[in-house]
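What's in start.txt: compact mmCIF, C-alpha atoms
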# COMPACT_ATOMS: atom_id res chain seq x y z
CA MET Y 142 0.00 0.00 0.00
CA THR Y 143 1.08 3.55 -0.58
CA ILE Y 144 -0.27 6.94 0.33
CA THR Y 145 -3.06 7.71 -2.09
CA GLN Y 146 -3.56 11.30 -1.11
CA THR Y 147 -1.02 13.94 -0.18
CA PRO Y 148 -1.08 14.62 3.56
CA GLU Y 149 -0.77 18.16 4.79
CA MET Y 150 2.67 18.96 6.14
CA PRO Y 151 4.14 18.63 8.58
CA TYR Y 152 3.50 14.97 9.21
CA TYR Y 153 5.81 12.20 10.36
CA ALA Y 154 7.64 9.39 8.61
CA VAL Y 155 8.85 6.35 10.54
CA ILE Y 156 11.75 4.83 8.61
CA PHE Y 157 12.14 1.20 9.63
CA THR Y 158 15.08 -0.67 8.08
CA SER Y 159 15.90 -4.27 8.95
CA THR Y 160 17.81 -7.38 8.05
CA LEU Y 161 16.25 -10.74 8.81
CA SER Y 162 17.78 -13.65 10.68
CA LYS Y 163 17.62 -17.18 9.24
CA ASP Y 164 14.46 -17.94 11.24
CA THR Y 165 11.72 -16.19 9.29
CA GLU Y 166 8.89 -18.59 10.14
CA GLY Y 167 5.74 -16.61 10.78
CA TYR Y 168 7.40 -13.32 9.86
CA GLU Y 169 5.48 -12.52 6.69
CA ASP Y 170 2.08 -13.28 8.22
CA MET Y 171 2.91 -11.09 11.18
CA ALA Y 172 4.17 -8.27 8.94
CA ASN Y 173 0.92 -8.35 6.94
CA LYS Y 174 -1.14 -8.40 10.11
CA MET Y 175 0.73 -5.37 11.45
CA VAL Y 176 -0.03 -3.40 8.29
CA GLU Y 177 -3.73 -4.25 8.69
CA LEU Y 178 -3.68 -3.20 12.34
CA ALA Y 179 -1.74 0.00 11.67
CA GLN Y 180 -4.47 0.99 9.22
CA GLN Y 181 -6.93 0.97 12.09
CA GLN Y 182 -4.79 3.27 14.25
CA PRO Y 183 -5.77 6.94 14.59
CA GLY Y 184 -3.42 9.19 12.65
CA PHE Y 185 -2.09 6.50 10.31
CA LEU Y 186 -1.61 7.93 6.80
CA GLY Y 187 -0.05 5.05 4.85
CA ALA Y 188 3.00 2.85 4.46
CA GLU Y 189 5.42 1.74 1.74
CA SER Y 190 7.71 -1.29 1.82
CA ALA Y 191 10.41 -3.00 -0.19
CA ARG Y 192 12.85 -5.76 0.71
CA GLU Y 193 16.02 -7.08 -0.91
CA ALA Y 194 18.99 -7.86 1.35
CA LEU Y 195 17.73 -4.95 3.39
CA GLY Y 196 14.07 -4.29 4.12
CA ILE Y 197 12.75 -0.76 4.29
CA THR Y 198 9.28 0.18 5.47
CA VAL Y 199 8.29 3.81 5.70
CA SER Y 200 5.03 4.51 7.50
CA TYR Y 201 3.43 7.95 7.65
CA TRP Y 202 1.60 9.45 10.62
CA GLN Y 203 -0.20 12.63 11.52
CA SER Y 204 1.58 13.16 14.82
CA LEU Y 205 4.16 11.87 17.29
CA GLU Y 206 1.25 10.91 19.56
CA ALA Y 207 -0.16 8.66 16.84
CA ILE Y 208 3.26 6.96 16.51
CA ALA Y 209 3.54 6.54 20.29
CA SER Y 210 0.07 4.93 20.45
CA TRP Y 211 0.94 2.49 17.70
CA LYS Y 212 4.19 1.57 19.48
CA GLN Y 213 2.11 0.58 22.55
CA GLN Y 214 -0.68 -1.24 20.68
CA SER Y 215 -1.01 -4.63 22.40
CA GLU Y 216 -0.67 -6.96 19.40
CA HIS Y 217 2.10 -4.76 18.05
CA LEU Y 218 3.99 -5.19 21.34
CA VAL Y 219 3.83 -8.97 20.86
CA ALA Y 220 5.13 -8.57 17.29
CA GLN Y 221 7.97 -6.34 18.47
CA LYS Y 222 9.05 -8.92 21.07
CA LEU Y 223 8.97 -11.78 18.54
CA GLY Y 224 10.85 -9.59 16.08
CA ARG Y 225 13.70 -9.01 18.51
CA GLU Y 226 13.77 -12.63 19.68
CA ARG Y 227 13.43 -14.38 16.33
CA TRP Y 228 13.15 -12.55 13.08
CA TYR Y 229 15.44 -9.56 13.05
CA GLN Y 230 19.19 -9.71 12.86
CA HIS Y 231 19.26 -5.95 12.97
CA TYR Y 232 16.86 -3.05 12.72
CA SER Y 233 16.81 0.70 12.96
CA ILE Y 234 13.88 3.01 13.51
CA ARG Y 235 14.08 6.70 12.67
CA ILE Y 236 11.23 9.06 13.44
CA SER Y 237 11.36 12.06 11.17
CA LYS Y 238 9.24 15.09 10.39
CA VAL Y 239 8.37 15.54 6.72
CA GLU Y 240 9.01 19.16 5.81
CA ARG Y 241 9.01 19.20 2.00
CA GLN Y 242 7.68 16.90 -0.66
CA TYR Y 243 7.68 16.59 -4.43
CA PHE Y 244 5.73 14.22 -6.62
CA PHE Y 245 6.14 13.15 -10.23
CA MET I 18 25.50 0.71 1.61
CA THR I 19 24.10 1.68 4.97
CA ILE I 20 25.05 4.13 7.65
CA THR I 21 27.91 2.62 9.60
CA GLN I 22 27.99 5.15 12.37
CA THR I 23 25.16 6.91 14.12
CA PRO I 24 24.90 10.54 13.04
CA GLU I 25 24.17 13.20 15.62
CA MET I 26 20.59 14.41 15.49
CA PRO I 27 19.00 16.27 14.02
CA TYR I 28 19.98 15.27 10.52
CA TYR I 29 17.88 14.84 7.40
CA ALA I 30 16.45 11.85 5.57
CA VAL I 31 15.43 12.09 1.93
CA ILE I 32 12.82 9.41 1.28
CA PHE I 33 12.72 8.65 -2.44
CA THR I 34 10.08 6.17 -3.57
CA SER I 35 9.57 5.24 -7.21
CA THR I 36 8.03 2.87 -9.68
CA LEU I 37 9.86 2.20 -12.92
CA SER I 38 8.52 2.41 -16.44
CA LYS I 39 9.10 -0.44 -18.93
CA ASP I 40 12.20 1.28 -20.31
CA THR I 41 14.87 0.61 -17.70
CA GLU I 42 17.85 0.56 -20.05
CA GLY I 43 20.75 2.32 -18.39
CA TYR I 44 18.85 2.83 -15.15
CA GLU I 45 20.87 0.55 -12.88
CA ASP I 46 24.23 1.90 -14.05
CA MET I 47 23.00 5.43 -13.50
CA ALA I 48 21.62 4.58 -10.05
CA ASN I 49 24.96 3.08 -9.01
CA LYS I 50 26.82 6.08 -10.38
CA MET I 51 24.59 8.44 -8.42
CA VAL I 52 25.35 6.58 -5.17
CA GLU I 53 29.08 6.93 -5.89
CA LEU I 54 28.71 10.63 -6.63
CA ALA I 55 26.51 11.28 -3.59
CA GLN I 56 29.27 9.81 -1.43
CA GLN I 57 31.54 12.60 -2.61
CA GLN I 58 29.07 15.33 -1.67
CA PRO I 59 29.66 17.37 1.49
CA GLY I 60 27.22 16.42 4.23
CA PHE I 61 26.30 13.01 2.83
CA LEU I 62 25.89 10.49 5.65
CA GLY I 63 24.74 7.31 3.89
CA ALA I 64 21.94 5.69 1.93
CA GLU I 65 19.81 2.54 2.03
CA SER I 66 17.83 1.03 -0.84
CA ALA I 67 15.44 -1.79 -1.60
CA ARG I 68 13.23 -2.46 -4.61
CA GLU I 69 10.30 -4.80 -5.23
CA ALA I 70 7.29 -3.43 -7.14
CA LEU I 71 8.14 -0.19 -5.41
CA GLY I 72 11.67 1.10 -4.93
CA ILE I 73 12.63 2.96 -1.78
CA THR I 74 15.91 4.77 -1.29
CA VAL I 75 16.53 6.70 1.90
CA SER I 76 19.60 8.94 1.91
CA TYR I 77 20.83 10.76 4.99
CA TRP I 78 22.33 14.24 5.09
CA GLN I 79 23.75 16.66 7.61
CA SER I 80 21.73 19.66 6.48
CA LEU I 81 19.15 21.03 4.07
CA GLU I 82 21.99 22.90 2.36
CA ALA I 83 23.77 19.59 1.67
CA ILE I 84 20.58 18.22 0.11
CA ALA I 85 20.11 21.36 -2.00
CA SER I 86 23.71 21.12 -3.29
CA TRP I 87 23.24 17.50 -4.28
CA LYS I 88 20.00 18.36 -6.09
CA GLN I 89 21.96 20.84 -8.23
CA GLN I 90 25.04 18.65 -8.85
CA SER I 91 25.59 18.70 -12.62
CA GLU I 92 25.65 14.94 -13.34
CA HIS I 93 22.77 14.45 -10.94
CA LEU I 94 20.75 17.00 -12.94
CA VAL I 95 21.28 14.89 -16.06
CA ALA I 96 20.18 11.78 -14.17
CA GLN I 97 17.06 13.55 -12.89
CA LYS I 98 16.11 14.59 -16.41
CA LEU I 99 16.61 11.07 -17.82
CA GLY I 100 14.68 9.68 -14.87
CA ARG I 101 11.65 11.83 -15.63
CA GLU I 102 11.86 11.25 -19.39
CA ARG I 103 12.56 7.51 -19.39
CA TRP I 104 12.86 5.45 -16.28
CA TYR I 105 10.30 6.55 -13.74
CA GLN I 106 6.61 5.95 -14.03
CA HIS I 107 6.16 7.73 -10.73
CA TYR I 108 8.27 9.03 -7.90
CA SER I 109 7.93 10.93 -4.67
CA ILE I 110 10.59 12.74 -2.70
CA ARG I 111 10.08 13.63 0.94
CA ILE I 112 12.63 15.65 2.87
CA SER I 113 12.33 14.95 6.56
CA LYS I 114 14.19 15.83 9.74
CA VAL I 115 15.23 12.84 11.86
CA GLU I 116 14.29 13.58 15.45
CA ARG I 117 14.52 10.22 17.21
CA GLN I 118 16.23 6.94 16.44
CA TYR I 119 16.50 3.47 17.89
CA PHE I 120 18.79 0.65 16.91
CA PHE I 121 18.71 -3.08 17.56

Would it be possible to restate this file's structure as structure tokens?
Amino acid sequence: MTITQTPEMPYYAVIFTSTLSKDTEGYEDMANKMVELAQQQPGFLGAESAREALGITVSYWQSLEAIASWKQQSEHLVAQKLGRERWYQHYSIRISKVERQYFF
Amino acid sequence: MTITQTPEMPYYAVIFTSTLSKDTEGYEDMANKMVELAQQQPGFLGAESAREALGITVSYWQSLEAIASWKQQSEHLVAQKLGRERWYQHYSIRISKVERQYFF
């Protein structure tokens, strides 16, 4: 999924990059479920993903409060724990404020 | 390539997402060349890329001035023009200020 409309600035982008461990059982189902759940969160604007050796998911949010609520969502907390224990070799999360945008 | 050290915040992330047209001749060579050139730009901190149906490249910069200089770099201007004329079906560029980060 991508953003279908252009959000008003400023809004926030969460840049999540990761590399997977060898144990990826259950990962894809969980990732899909998290996208579905995020869509139900207040302030969620959209998300974009691609994976080669590195996976990048950028999700877009109306506010820092919306991001904080999603971080604490109960099923998301379970996914985060499993991610650290099983699926991710490495990840980084950057919370950034979108200040300019161009589309073609 | 990824960021090997953790930059001091705030710094900037340029989130470039794109879909390619059918004519991708020369695209990969140009993309690789642009990464090499960006590495020579003042204020460049690193970049991360992945492509499936959608391509996402996030590049990291010390300042808005560094991003503006890269946008005007002469060979990069040629690449931008070819990108719009040939390679990209769609792209979006978001310039965002990284305010928080977490690593695992």

Q. Taking all atoms listed in the file into account, which residues of chain I are within 9 Å of chain Y, as a ChimeraX atom specification?
A. /I:29-30,32,34,65-75,101,105-121

Students should find that atom CA of Arg227 of chain Y and atom CA of Ser200 of chain Y are spaced 22.5 Å

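The spacing separating atom CA of Gly100 of chain I from atom CA of Gly43 of chain I amounts to 10.2 Å.
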
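Separating atom CA of Ala85 of chain I from atom CA of Ala64 of chain I is a distance of 16.3 Å.
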
Using the incomplete input, complete segment 192-216 of chain Y to the level of N, CA and C atoms; output as a PDB file, in the frame of the given file.
ATOM      1  N   ARG Y 192      11.792  -4.977   0.067  1.00  0.00           N
ATOM      2  CA  ARG Y 192      12.850  -5.760   0.710  1.00  0.00           C
ATOM      3  C   ARG Y 192      13.724  -6.420  -0.323  1.00  0.00           C
ATOM      4  N   GLU Y 193      15.041  -6.243  -0.204  1.00  0.00           N
ATOM      5  CA  GLU Y 193      16.020  -7.080  -0.910  1.00  0.00           C
ATOM      6  C   GLU Y 193      16.886  -7.667   0.210  1.00  0.00           C
ATOM      7  N   ALA Y 194      18.203  -7.428   0.189  1.00  0.00           N
ATOM      8  CA  ALA Y 194      18.990  -7.860   1.350  1.00  0.00           C
ATOM      9  C   ALA Y 194      18.523  -7.094   2.582  1.00  0.00           C
ATOM     10  N   LEU Y 195      18.239  -5.831   2.350  1.00  0.00           N
ATOM     11  CA  LEU Y 195      17.730  -4.950   3.390  1.00  0.00           C
ATOM     12  C   LEU Y 195      16.244  -4.720   3.164  1.00  0.00           C
ATOM     13  N   GLY Y 196      15.480  -4.661   4.227  1.00  0.00           N
ATOM     14  CA  GLY Y 196      14.070  -4.290   4.120  1.00  0.00           C
ATOM     15  C   GLY Y 196      13.886  -2.863   4.598  1.00  0.00           C
ATOM     16  N   ILE Y 197      13.076  -2.126   3.879  1.00  0.00           N
ATOM     17  CA  ILE Y 197      12.750  -0.760   4.290  1.00  0.00           C
ATOM     18  C   ILE Y 197      11.236  -0.616   4.292  1.00  0.00           C
ATOM     19  N   THR Y 198      10.698  -0.191   5.404  1.00  0.00           N
ATOM     20  CA  THR Y 198       9.280   0.180   5.470  1.00  0.00           C
ATOM     21  C   THR Y 198       9.212   1.606   5.977  1.00  0.00           C
ATOM     22  N   VAL Y 199       8.530   2.449   5.231  1.00  0.00           N
ATOM     23  CA  VAL Y 199       8.290   3.810   5.700  1.00  0.00           C
ATOM     24  C   VAL Y 199       6.804   3.931   5.971  1.00  0.00           C
ATOM     25  N   SER Y 200       6.438   4.256   7.194  1.00  0.00           N
ATOM     26  CA  SER Y 200       5.030   4.510   7.500  1.00  0.00           C
ATOM     27  C   SER Y 200       4.865   5.985   7.839  1.00  0.00           C
ATOM     28  N   TYR Y 201       3.675   6.516   7.552  1.00  0.00           N
ATOM     29  CA  TYR Y 201       3.430   7.950   7.650  1.00  0.00           C
ATOM     30  C   TYR Y 201       2.308   8.193   8.646  1.00  0.00           C
ATOM     31  N   TRP Y 202       2.498   9.220   9.473  1.00  0.00           N
ATOM     32  CA  TRP Y 202       1.600   9.450  10.620  1.00  0.00           C
ATOM     33  C   TRP Y 202       1.350  10.929  10.796  1.00  0.00           C
ATOM     34  N   GLN Y 203       0.163  11.229  11.312  1.00  0.00           N
ATOM     35  CA  GLN Y 203      -0.200  12.630  11.520  1.00  0.00           C
ATOM     36  C   GLN Y 203       0.576  13.305  12.644  1.00  0.00           C
ATOM     37  N   SER Y 204       0.992  12.545  13.630  1.00  0.00           N
ATOM     38  CA  SER Y 204       1.580  13.160  14.820  1.00  0.00           C
ATOM     39  C   SER Y 204       2.490  12.189  15.563  1.00  0.00           C
ATOM     40  N   LEU Y 205       3.327  12.720  16.430  1.00  0.00           N
ATOM     41  CA  LEU Y 205       4.160  11.870  17.290  1.00  0.00           C
ATOM     42  C   LEU Y 205       3.291  11.062  18.252  1.00  0.00           C
ATOM     43  N   GLU Y 206       2.165  11.630  18.667  1.00  0.00           N
ATOM     44  CA  GLU Y 206       1.250  10.910  19.560  1.00  0.00           C
ATOM     45  C   GLU Y 206       0.692   9.665  18.865  1.00  0.00           C
ATOM     46  N   ALA Y 207       0.361   9.805  17.595  1.00  0.00           N
ATOM     47  CA  ALA Y 207      -0.160   8.660  16.840  1.00  0.00           C
ATOM     48  C   ALA Y 207       0.895   7.551  16.761  1.00  0.00           C
ATOM     49  N   ILE Y 208       2.157   7.945  16.574  1.00  0.00           N
ATOM     50  CA  ILE Y 208       3.260   6.960  16.510  1.00  0.00           C
ATOM     51  C   ILE Y 208       3.435   6.290  17.870  1.00  0.00           C
ATOM     52  N   ALA Y 209       3.376   7.085  18.937  1.00  0.00           N
ATOM     53  CA  ALA Y 209       3.540   6.540  20.290  1.00  0.00           C
ATOM     54  C   ALA Y 209       2.418   5.545  20.621  1.00  0.00           C
ATOM     55  N   SER Y 210       1.194   5.846  20.194  1.00  0.00           N
ATOM     56  CA  SER Y 210       0.070   4.930  20.450  1.00  0.00           C
ATOM     57  C   SER Y 210       0.260   3.611  19.713  1.00  0.00           C
ATOM     58  N   TRP Y 211       0.696   3.699  18.491  1.00  0.00           N
ATOM     59  CA  TRP Y 211       0.940   2.490  17.700  1.00  0.00           C
ATOM     60  C   TRP Y 211       2.043   1.639  18.340  1.00  0.00           C
ATOM     61  N   LYS Y 212       3.085   2.297  18.840  1.00  0.00           N
ATOM     62  CA  LYS Y 212       4.190   1.570  19.480  1.00  0.00           C
ATOM     63  C   LYS Y 212       3.680   0.755  20.671  1.00  0.00           C
ATOM     64  N   GLN Y 213       2.639   1.239  21.343  1.00  0.00           N
ATOM     65  CA  GLN Y 213       2.110   0.580  22.550  1.00  0.00           C
ATOM     66  C   GLN Y 213       0.915  -0.325  22.261  1.00  0.00           C
ATOM     67  N   GLN Y 214       0.478  -0.401  20.999  1.00  0.00           N
ATOM     68  CA  GLN Y 214      -0.680  -1.240  20.680  1.00  0.00           C
ATOM     69  C   GLN Y 214      -0.364  -2.688  21.089  1.00  0.00           C
ATOM     70  N   SER Y 215      -1.329  -3.364  21.730  1.00  0.00           N
ATOM     71  CA  SER Y 215      -1.010  -4.630  22.400  1.00  0.00           C
ATOM     72  C   SER Y 215      -0.490  -5.733  21.463  1.00  0.00           C
ATOM     73  N   GLU Y 216      -1.157  -5.922  20.324  1.00  0.00           N
ATOM     74  CA  GLU Y 216      -0.670  -6.960  19.400  1.00  0.00           C
ATOM     75  C   GLU Y 216       0.651  -6.556  18.749  1.00  0.00           C
TER      76      GLU Y 216
END
